[in-house]
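Asker: If it helps, the file is called protein.pdb and holds PDB, C-alpha atoms and all ligand atoms:
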ATOM      1  CA  MET A1168     108.430  95.736 100.070  1.00  0.00           C
ATOM      2  CA  SER A1169     107.023  99.217 100.304  1.00  0.00           C
ATOM      3  CA  LEU A1170     105.837 100.458 103.673  1.00  0.00           C
ATOM      4  CA  ILE A1171     103.679 103.554 103.885  1.00  0.00           C
ATOM      5  CA  GLN A1172     104.884 106.446 106.068  1.00  0.00           C
ATOM      6  CA  TRP A1173     103.007 109.629 106.782  1.00  0.00           C
ATOM      7  CA  ASN A1174     104.264 112.751 105.026  1.00  0.00           C
ATOM      8  CA  ASP A1175     102.706 116.082 104.046  1.00  0.00           C
ATOM      9  CA  THR A1176     101.998 115.032 100.465  1.00  0.00           C
ATOM     10  CA  LEU A1177      99.384 112.644 101.926  1.00  0.00           C
ATOM     11  CA  SER A1178      97.511 115.471 103.658  1.00  0.00           C
ATOM     12  CA  VAL A1179      94.067 116.080 102.151  1.00  0.00           C
ATOM     13  CA  GLY A1180      93.713 119.387 104.020  1.00  0.00           C
ATOM     14  CA  ILE A1181      90.880 118.263 106.305  1.00  0.00           C
ATOM     15  CA  GLU A1182      92.089 117.686 109.836  1.00  0.00           C
ATOM     16  CA  GLU A1183      89.634 114.975 110.862  1.00  0.00           C
ATOM     17  CA  ILE A1184      90.397 112.865 107.777  1.00  0.00           C
ATOM     18  CA  ASP A1185      94.155 113.429 108.053  1.00  0.00           C
ATOM     19  CA  LYS A1186      94.129 112.335 111.700  1.00  0.00           C
ATOM     20  CA  GLN A1187      92.335 109.124 110.797  1.00  0.00           C
ATOM     21  CA  HIS A1188      94.727 108.440 107.919  1.00  0.00           C
ATOM     22  CA  ILE A1189      97.664 108.937 110.303  1.00  0.00           C
ATOM     23  CA  LYS A1190      96.100 106.415 112.689  1.00  0.00           C
ATOM     24  CA  LEU A1191      95.564 103.927 109.818  1.00  0.00           C
ATOM     25  CA  ILE A1192      99.166 104.293 108.683  1.00  0.00           C
ATOM     26  CA  GLY A1193     100.231 103.726 112.297  1.00  0.00           C
ATOM     27  CA  LEU A1194      98.257 100.477 112.364  1.00  0.00           C
ATOM     28  CA  ILE A1195      99.835  99.275 109.105  1.00  0.00           C
ATOM     29  CA  ASN A1196     103.260  99.982 110.619  1.00  0.00           C
ATOM     30  CA  GLN A1197     102.252  98.133 113.802  1.00  0.00           C
ATOM     31  CA  LEU A1198     101.144  95.200 111.675  1.00  0.00           C
ATOM     32  CA  ASN A1199     104.494  95.271 109.896  1.00  0.00           C
ATOM     33  CA  ASP A1200     106.294  95.262 113.272  1.00  0.00           C
ATOM     34  CA  ALA A1201     104.192  92.301 114.437  1.00  0.00           C
ATOM     35  CA  ILE A1202     105.126  90.420 111.252  1.00  0.00           C
ATOM     36  CA  GLN A1203     108.829  91.275 111.543  1.00  0.00           C
ATOM     37  CA  SER A1204     109.121  90.348 115.206  1.00  0.00           C
ATOM     38  CA  GLY A1205     108.929  86.581 114.882  1.00  0.00           C
ATOM     39  CA  HIS A1206     105.325  86.025 113.925  1.00  0.00           C
ATOM     40  CA  ASP A1207     103.508  86.335 117.212  1.00  0.00           C
ATOM     41  CA  GLN A1208     100.179  85.111 115.800  1.00  0.00           C
ATOM     42  CA  GLU A1209      98.105  86.509 118.627  1.00  0.00           C
ATOM     43  CA  ALA A1210      99.552  90.014 118.371  1.00  0.00           C
ATOM     44  CA  LEU A1211      99.197  89.878 114.617  1.00  0.00           C
ATOM     45  CA  ALA A1212      95.549  88.825 114.783  1.00  0.00           C
ATOM     46  CA  GLY A1213      94.894  91.618 117.288  1.00  0.00           C
ATOM     47  CA  VAL A1214      96.383  94.305 115.046  1.00  0.00           C
ATOM     48  CA  LEU A1215      94.525  92.920 112.018  1.00  0.00           C
ATOM     49  CA  ASP A1216      91.220  93.100 113.896  1.00  0.00           C
ATOM     50  CA  GLU A1217      91.946  96.652 114.978  1.00  0.00           C
ATOM     51  CA  LEU A1218      92.949  97.621 111.453  1.00  0.00           C
ATOM     52  CA  VAL A1219      89.709  96.300 109.943  1.00  0.00           C
ATOM     53  CA  ALA A1220      87.578  97.897 112.683  1.00  0.00           C
ATOM     54  CA  TYR A1221      89.303 101.263 112.401  1.00  0.00           C
ATOM     55  CA  THR A1222      89.119 101.168 108.584  1.00  0.00           C
ATOM     56  CA  MET A1223      85.357 100.657 108.797  1.00  0.00           C
ATOM     57  CA  TYR A1224      85.070 103.533 111.250  1.00  0.00           C
ATOM     58  CA  HIS A1225      87.149 105.762 108.979  1.00  0.00           C
ATOM     59  CA  PHE A1226      85.151 104.869 105.850  1.00  0.00           C
ATOM     60  CA  GLY A1227      82.012 105.680 107.853  1.00  0.00           C
ATOM     61  CA  THR A1228      83.372 109.156 108.612  1.00  0.00           C
ATOM     62  CA  GLU A1229      84.094 109.867 104.941  1.00  0.00           C
ATOM     63  CA  GLU A1230      80.806 108.411 103.758  1.00  0.00           C
ATOM     64  CA  ARG A1231      78.808 110.514 106.247  1.00  0.00           C
ATOM     65  CA  LEU A1232      80.527 113.639 104.921  1.00  0.00           C
ATOM     66  CA  MET A1233      79.809 112.564 101.322  1.00  0.00           C
ATOM     67  CA  GLU A1234      76.117 112.238 102.141  1.00  0.00           C
ATOM     68  CA  LEU A1235      75.988 115.465 104.130  1.00  0.00           C
ATOM     69  CA  TYR A1236      77.510 117.429 101.249  1.00  0.00           C
ATOM     70  CA  ALA A1237      75.705 115.510  98.453  1.00  0.00           C
ATOM     71  CA  TYR A1238      79.034 114.479  96.958  1.00  0.00           C
ATOM     72  CA  THR A1239      78.751 113.857  93.215  1.00  0.00           C
ATOM     73  CA  GLU A1240      81.264 110.962  93.271  1.00  0.00           C
ATOM     74  CA  LEU A1241      79.686 109.266  96.292  1.00  0.00           C
ATOM     75  CA  ALA A1242      78.812 105.969  94.583  1.00  0.00           C
ATOM     76  CA  PRO A1243      82.216 105.167  93.022  1.00  0.00           C
ATOM     77  CA  HIS A1244      84.039 106.264  96.190  1.00  0.00           C
ATOM     78  CA  ILE A1245      81.900 104.011  98.409  1.00  0.00           C
ATOM     79  CA  GLU A1246      82.376 101.184  95.924  1.00  0.00           C
ATOM     80  CA  ARG A1247      86.158 101.524  96.310  1.00  0.00           C
ATOM     81  CA  HIS A1248      85.805 101.322 100.097  1.00  0.00           C
ATOM     82  CA  GLU A1249      83.626  98.237  99.832  1.00  0.00           C
ATOM     83  CA  GLN A1250      85.963  96.513  97.397  1.00  0.00           C
ATOM     84  CA  PHE A1251      88.860  97.184  99.755  1.00  0.00           C
ATOM     85  CA  LEU A1252      86.991  95.577 102.666  1.00  0.00           C
ATOM     86  CA  ILE A1253      86.266  92.524 100.495  1.00  0.00           C
ATOM     87  CA  ASP A1254      89.934  92.275  99.428  1.00  0.00           C
ATOM     88  CA  ILE A1255      91.309  92.655 102.943  1.00  0.00           C
ATOM     89  CA  THR A1256      88.848  90.091 104.315  1.00  0.00           C
ATOM     90  CA  THR A1257      89.909  87.623 101.598  1.00  0.00           C
ATOM     91  CA  PHE A1258      93.566  88.236 102.467  1.00  0.00           C
ATOM     92  CA  ILE A1259      92.935  87.637 106.172  1.00  0.00           C
ATOM     93  CA  GLU A1260      91.011  84.432 105.471  1.00  0.00           C
ATOM     94  CA  ARG A1261      93.830  83.135 103.289  1.00  0.00           C
ATOM     95  CA  TYR A1262      96.308  84.067 105.991  1.00  0.00           C
ATOM     96  CA  GLN A1263      94.287  82.278 108.656  1.00  0.00           C
ATOM     97  CA  GLU A1264      94.152  79.159 106.519  1.00  0.00           C
ATOM     98  CA  ARG A1265      97.847  79.095 105.884  1.00  0.00           C
ATOM     99  CA  SER A1266     100.104  81.861 107.158  1.00  0.00           C
ATOM    100  CA  SER A1267     103.365  82.409 105.337  1.00  0.00           C
ATOM    101  CA  PRO A1268     105.976  85.169 105.527  1.00  0.00           C
ATOM    102  CA  GLN A1269     105.413  85.876 101.819  1.00  0.00           C
ATOM    103  CA  LEU A1270     101.671  86.314 102.272  1.00  0.00           C
ATOM    104  CA  ALA A1271     102.302  88.648 105.227  1.00  0.00           C
ATOM    105  CA  LYS A1272     104.650  90.744 103.082  1.00  0.00           C
ATOM    106  CA  ASP A1273     102.121  90.796 100.252  1.00  0.00           C
ATOM    107  CA  LEU A1274      99.500  92.002 102.703  1.00  0.00           C
ATOM    108  CA  ILE A1275     101.668  94.914 103.886  1.00  0.00           C
ATOM    109  CA  THR A1276     102.446  95.876 100.294  1.00  0.00           C
ATOM    110  CA  PHE A1277      98.768  95.695  99.354  1.00  0.00           C
ATOM    111  CA  LEU A1278      97.717  97.815 102.355  1.00  0.00           C
ATOM    112  CA  SER A1279     100.445 100.418 101.834  1.00  0.00           C
ATOM    113  CA  ASP A1280      99.871 100.751  98.094  1.00  0.00           C
ATOM    114  CA  TRP A1281      96.105 100.809  98.358  1.00  0.00           C
ATOM    115  CA  LEU A1282      96.042 103.408 101.111  1.00  0.00           C
ATOM    116  CA  SER A1283      98.530 105.789  99.511  1.00  0.00           C
ATOM    117  CA  ASN A1284      96.833 105.568  96.090  1.00  0.00           C
ATOM    118  CA  HIS A1285      93.392 105.981  97.617  1.00  0.00           C
ATOM    119  CA  ILE A1286      94.418 109.001  99.699  1.00  0.00           C
ATOM    120  CA  LEU A1287      96.294 110.673  96.846  1.00  0.00           C
ATOM    121  CA  ARG A1288      93.490 110.319  94.306  1.00  0.00           C
ATOM    122  CA  THR A1289      90.088 109.444  95.729  1.00  0.00           C
ATOM    123  CA  ASP A1290      90.256 111.091  99.158  1.00  0.00           C
ATOM    124  CA  LYS A1291      91.946 114.247  97.865  1.00  0.00           C
ATOM    125  CA  GLU A1292      89.146 114.652  95.317  1.00  0.00           C
ATOM    126  CA  LEU A1293      86.592 114.289  98.076  1.00  0.00           C
ATOM    127  CA  ALA A1294      88.401 116.747 100.347  1.00  0.00           C
ATOM    128  CA  SER A1295      88.639 119.429  97.672  1.00  0.00           C
ATOM    129  CA  PHE A1296      84.926 119.005  96.915  1.00  0.00           C
ATOM    130  CA  LEU A1297      84.104 119.373 100.615  1.00  0.00           C
ATOM    131  CA  THR A1298      86.217 122.509 101.088  1.00  0.00           C
ATOM    132  CA  GLN A1299      84.781 124.016  97.890  1.00  0.00           C
ATOM    133  CA  HIS A1300      81.307 123.394  99.292  1.00  0.00           C
ATOM    134  CA  GLY A1301      81.857 125.112 102.589  1.00  0.00           C
ATOM    135  CA  TYR A1302      83.375 122.433 104.827  1.00  0.00           C
ATOM    136  CA  GLU A1303      85.490 123.933 107.611  1.00  0.00           C
ATOM    137  CA  ASP A1304      87.604 122.092 110.172  1.00  0.00           C
TER     138      ASP A1304
HETATM  139 FE    FE A1401      90.351 107.838 103.619  1.00  0.00          FE
HETATM  140 FE    FE A1402      88.084 107.126 100.988  1.00  0.00          FE
END
When written as structure tokens, how does the structure in this file appear?
Ligand SMILES: [Fe+2]
Ligand SMILES: [Fe+2]
Answerer:
Amino acid sequence: MSLIQWNDTLSVGIEEIDKQHIKLIGLINQLNDAIQSGHDQEALAGVLDELVAYTMYHFGTEERLMELYAYTELAPHIERHEQFLIDITTFIERYQERSSPQLAKDLITFLSDWLSNHILRTDKELASFLTQHGYED
């Protein structure tokens, strides 16, 4: 199972976005800890709720910047965010129906892979557009 950890290669060069990505990675790690430490369902549900809420907040930050700077790739980027929210909600519903250690591991792998791929490609493209169009921290 791959677990995402923050490192400089994940930096998009915009402080506000980086800070939020660091927080998201922290929540994925917290979720992993909750899964590892004997399946405390209440703690796990709490972290999952926080993760979804913070993800929505973070997507909102990026999407506001896209609109403000008339980002050319706005539509496909927002579509990726929306698809992620659908996928994660489906995962959580499946988990609530029948929790299993394998499903929990699959969830961590999905979250880690999705977030690192999304940051490295989609968010980096957005960040370089923003800095090229006058965004300053
Ligand atoms: Fe992001
Ligand atoms: Fe994004």
Asker: May I ask which of the residues A:Phe1251, A:Tyr1236, A:Tyr1302, A:Phe1258 is the closest one to ligand FE 1401 (chain A), counting all atoms listed in the file?
Answerer: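 Of the candidates, the smallest distance to ligand FE 1401 (chain A) is held by A:Phe1251.
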Asker: Going by the chain IDs and residue numbers used in this file, which residues fall under the PyMOL selection byres (((chain A and resi 1191) around 9) and not hetatm)? Write them as a tab-separated table (two decimals) with C-alpha atoms, in the frame of the given file.
Answerer:
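As written to disk, part.tsv reads:
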chain	number	residue	atom	x	y	z
A	1186	LYS	CA	94.13	112.34	111.70
A	1187	GLN	CA	92.34	109.12	110.80
A	1188	HIS	CA	94.73	108.44	107.92
A	1189	ILE	CA	97.66	108.94	110.30
A	1190	LYS	CA	96.10	106.42	112.69
A	1192	ILE	CA	99.17	104.29	108.68
A	1193	GLY	CA	100.23	103.73	112.30
A	1194	LEU	CA	98.26	100.48	112.36
A	1195	ILE	CA	99.84	99.28	109.10
A	1196	ASN	CA	103.26	99.98	110.62
A	1218	LEU	CA	92.95	97.62	111.45
A	1221	TYR	CA	89.30	101.26	112.40
A	1222	THR	CA	89.12	101.17	108.58
A	1225	HIS	CA	87.15	105.76	108.98
A	1282	LEU	CA	96.04	103.41	101.11
Asker: Can you work out the spacing between CA of Thr1257 in chain A and CA of Leu1274 in chain A in Å, to one decimal?
Answerer: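 If I compute the distance from CA of Thr1257 in chain A to CA of Leu1274 in chain A, I get 10.6 Å.
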Asker: Show me which residues sit within 8 Å of ligand FE 1402 (chain A) when counting all atoms listed in the file, and put them as number ranges by chain.
Answerer: A: 1226, 1229-1230, 1244-1245, 1247-1248, 1285-1286, 1289-1290, 1293
Asker: If you count only C-alpha atoms, which residues fall within 10 Å of Phe1277 in chain A, apart from same-chain ones fewer than 5 positions away, as a PDB file with C-alpha atoms, in the frame of the given file?
Answerer:
ATOM      1  CA  MET A1168     108.430  95.736 100.070  1.00  0.00           C
ATOM      2  CA  SER A1169     107.023  99.217 100.304  1.00  0.00           C
ATOM      3  CA  LEU A1170     105.837 100.458 103.673  1.00  0.00           C
ATOM      4  CA  ASP A1254      89.934  92.275  99.428  1.00  0.00           C
ATOM      5  CA  ILE A1255      91.309  92.655 102.943  1.00  0.00           C
ATOM      6  CA  PHE A1258      93.566  88.236 102.467  1.00  0.00           C
ATOM      7  CA  ALA A1271     102.302  88.648 105.227  1.00  0.00           C
ATOM      8  CA  LYS A1272     104.650  90.744 103.082  1.00  0.00           C
ATOM      9  CA  LEU A1282      96.042 103.408 101.111  1.00  0.00           C
TER      10      LEU A1282
END
Asker: For the provided coordinates, the residues matched by the PyMOL selection byres (((chain A and resi 1259) around 12) and not hetatm) should be stated as JSON, numbers by chain.
Answerer: {"A": [1211, 1212, 1213, 1214, 1215, 1216, 1218, 1219, 1252, 1253, 1254, 1255, 1256, 1257, 1258, 1260, 1261, 1262, 1263, 1264, 1265, 1266, 1267, 1270, 1271, 1273, 1274, 1275, 1278]}
Asker: Keeping C-alpha atoms, export the residues of the selection given above as a PDB file, in the frame of the given file.
Answerer:
ATOM      1  CA  LEU A1211      99.197  89.878 114.617  1.00  0.00           C
ATOM      2  CA  ALA A1212      95.549  88.825 114.783  1.00  0.00           C
ATOM      3  CA  GLY A1213      94.894  91.618 117.288  1.00  0.00           C
ATOM      4  CA  VAL A1214      96.383  94.305 115.046  1.00  0.00           C
ATOM      5  CA  LEU A1215      94.525  92.920 112.018  1.00  0.00           C
ATOM      6  CA  ASP A1216      91.220  93.100 113.896  1.00  0.00           C
ATOM      7  CA  LEU A1218      92.949  97.621 111.453  1.00  0.00           C
ATOM      8  CA  VAL A1219      89.709  96.300 109.943  1.00  0.00           C
ATOM      9  CA  LEU A1252      86.991  95.577 102.666  1.00  0.00           C
ATOM     10  CA  ILE A1253      86.266  92.524 100.495  1.00  0.00           C
ATOM     11  CA  ASP A1254      89.934  92.275  99.428  1.00  0.00           C
ATOM     12  CA  ILE A1255      91.309  92.655 102.943  1.00  0.00           C
ATOM     13  CA  THR A1256      88.848  90.091 104.315  1.00  0.00           C
ATOM     14  CA  THR A1257      89.909  87.623 101.598  1.00  0.00           C
ATOM     15  CA  PHE A1258      93.566  88.236 102.467  1.00  0.00           C
ATOM     16  CA  GLU A1260      91.011  84.432 105.471  1.00  0.00           C
ATOM     17  CA  ARG A1261      93.830  83.135 103.289  1.00  0.00           C
ATOM     18  CA  TYR A1262      96.308  84.067 105.991  1.00  0.00           C
ATOM     19  CA  GLN A1263      94.287  82.278 108.656  1.00  0.00           C
ATOM     20  CA  GLU A1264      94.152  79.159 106.519  1.00  0.00           C
ATOM     21  CA  ARG A1265      97.847  79.095 105.884  1.00  0.00           C
ATOM     22  CA  SER A1266     100.104  81.861 107.158  1.00  0.00           C
ATOM     23  CA  SER A1267     103.365  82.409 105.337  1.00  0.00           C
ATOM     24  CA  LEU A1270     101.671  86.314 102.272  1.00  0.00           C
ATOM     25  CA  ALA A1271     102.302  88.648 105.227  1.00  0.00           C
ATOM     26  CA  ASP A1273     102.121  90.796 100.252  1.00  0.00           C
ATOM     27  CA  LEU A1274      99.500  92.002 102.703  1.00  0.00           C
ATOM     28  CA  ILE A1275     101.668  94.914 103.886  1.00  0.00           C
ATOM     29  CA  LEU A1278      97.717  97.815 102.355  1.00  0.00           C
TER      30      LEU A1278
END
Asker: Within 9 Å of Thr1228 in chain A, counting all atoms listed in the file, which residues show up once you throw out same-chain ones fewer than 4 positions away? Write them as a CSV table (one decimal) with C-alpha atoms, in the frame of the given file, please.
Answerer:
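As written to disk, out14.csv reads:
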chain,number,residue,atom,x,y,z
A,1183,GLU,CA,89.6,115.0,110.9
A,1184,ILE,CA,90.4,112.9,107.8
A,1223,MET,CA,85.4,100.7,108.8
A,1224,TYR,CA,85.1,103.5,111.2
A,1232,LEU,CA,80.5,113.6,104.9
A,1233,MET,CA,79.8,112.6,101.3
Asker: Would you pull range 1201-1279 of chain A out of the block just shown and save C-alpha atoms as a compact mmCIF listing (two decimals), in the first residue's frame?
Answerer:
# COMPACT_ATOMS: atom_id res chain seq x y z
CA ALA A 1201 -7.14 5.44 12.47
CA ILE A 1202 -7.36 2.37 10.22
CA GLN A 1203 -4.14 0.85 11.57
CA SER A 1204 -5.00 1.37 15.22
CA GLY A 1205 -7.66 -1.30 15.59
CA HIS A 1206 -10.53 0.13 13.60
CA ASP A 1207 -12.03 2.66 15.96
CA GLN A 1208 -15.10 3.28 13.77
CA GLU A 1209 -15.99 6.57 15.41
CA ALA A 1210 -12.53 8.07 14.98
CA LEU A 1211 -12.42 6.80 11.43
CA ALA A 1212 -15.80 8.32 10.55
CA GLY A 1213 -14.67 11.62 12.10
CA VAL A 1214 -11.50 11.79 10.01
CA LEU A 1215 -13.42 10.81 6.87
CA ASP A 1216 -15.91 13.63 7.45
CA GLU A 1217 -13.10 16.10 8.00
CA LEU A 1218 -11.29 14.88 4.90
CA VAL A 1219 -14.35 15.34 2.67
CA ALA A 1220 -15.13 18.77 4.17
CA TYR A 1221 -11.56 20.00 3.84
CA THR A 1222 -11.30 18.63 0.28
CA MET A 1223 -14.39 20.62 -0.69
CA TYR A 1224 -12.94 23.73 0.91
CA HIS A 1225 -9.65 23.21 -0.91
CA PHE A 1226 -11.32 22.63 -4.30
CA GLY A 1227 -13.28 25.84 -3.67
CA THR A 1228 -10.02 27.75 -3.18
CA GLU A 1229 -8.57 26.47 -6.46
CA GLU A 1230 -11.80 26.98 -8.38
CA ARG A 1231 -12.11 30.59 -7.17
CA LEU A 1232 -8.58 31.27 -8.42
CA MET A 1233 -9.40 29.62 -11.76
CA GLU A 1234 -12.39 31.92 -12.19
CA LEU A 1235 -10.53 35.01 -11.03
CA TYR A 1236 -7.74 34.42 -13.55
CA ALA A 1237 -10.01 33.11 -16.36
CA TYR A 1238 -8.13 29.83 -16.42
CA THR A 1239 -8.30 28.17 -19.84
CA GLU A 1240 -8.46 24.63 -18.38
CA LEU A 1241 -11.12 25.50 -15.80
CA ALA A 1242 -13.79 23.07 -17.03
CA PRO A 1243 -11.68 19.87 -17.16
CA HIS A 1244 -10.00 20.72 -13.84
CA ILE A 1245 -13.35 21.23 -12.08
CA GLU A 1246 -14.63 18.03 -13.66
CA ARG A 1247 -11.71 16.13 -12.10
CA HIS A 1248 -12.56 17.60 -8.69
CA GLU A 1249 -16.20 16.64 -9.07
CA GLN A 1250 -15.39 13.11 -10.19
CA PHE A 1251 -13.13 12.71 -7.17
CA LEU A 1252 -15.92 13.78 -4.80
CA ILE A 1253 -18.26 11.25 -6.46
CA ASP A 1254 -15.65 8.47 -6.15
CA ILE A 1255 -14.82 9.21 -2.53
CA THR A 1256 -18.51 9.39 -1.59
CA THR A 1257 -19.09 6.00 -3.26
CA PHE A 1258 -16.14 4.55 -1.35
CA ILE A 1259 -17.45 5.88 1.97
CA GLU A 1260 -20.94 4.51 1.30
CA ARG A 1261 -19.52 1.09 0.49
CA TYR A 1262 -17.42 1.25 3.63
CA GLN A 1263 -20.42 2.19 5.76
CA GLU A 1264 -22.38 -0.72 4.35
CA ARG A 1265 -19.67 -3.23 5.02
CA SER A 1266 -16.31 -2.17 6.42
CA SER A 1267 -13.36 -4.42 5.73
CA PRO A 1268 -9.62 -3.97 6.25
CA GLN A 1269 -9.10 -4.50 2.51
CA LEU A 1270 -11.56 -1.77 1.58
CA ALA A 1271 -9.88 0.59 4.06
CA LYS A 1272 -6.49 -0.14 2.47
CA ASP A 1273 -7.94 0.38 -1.00
CA LEU A 1274 -9.31 3.72 0.14
CA ILE A 1275 -5.91 4.91 1.40
CA THR A 1276 -4.26 3.79 -1.84
CA PHE A 1277 -6.93 5.53 -3.91
CA LEU A 1278 -6.61 8.77 -1.91
CA SER A 1279 -2.80 8.78 -1.98
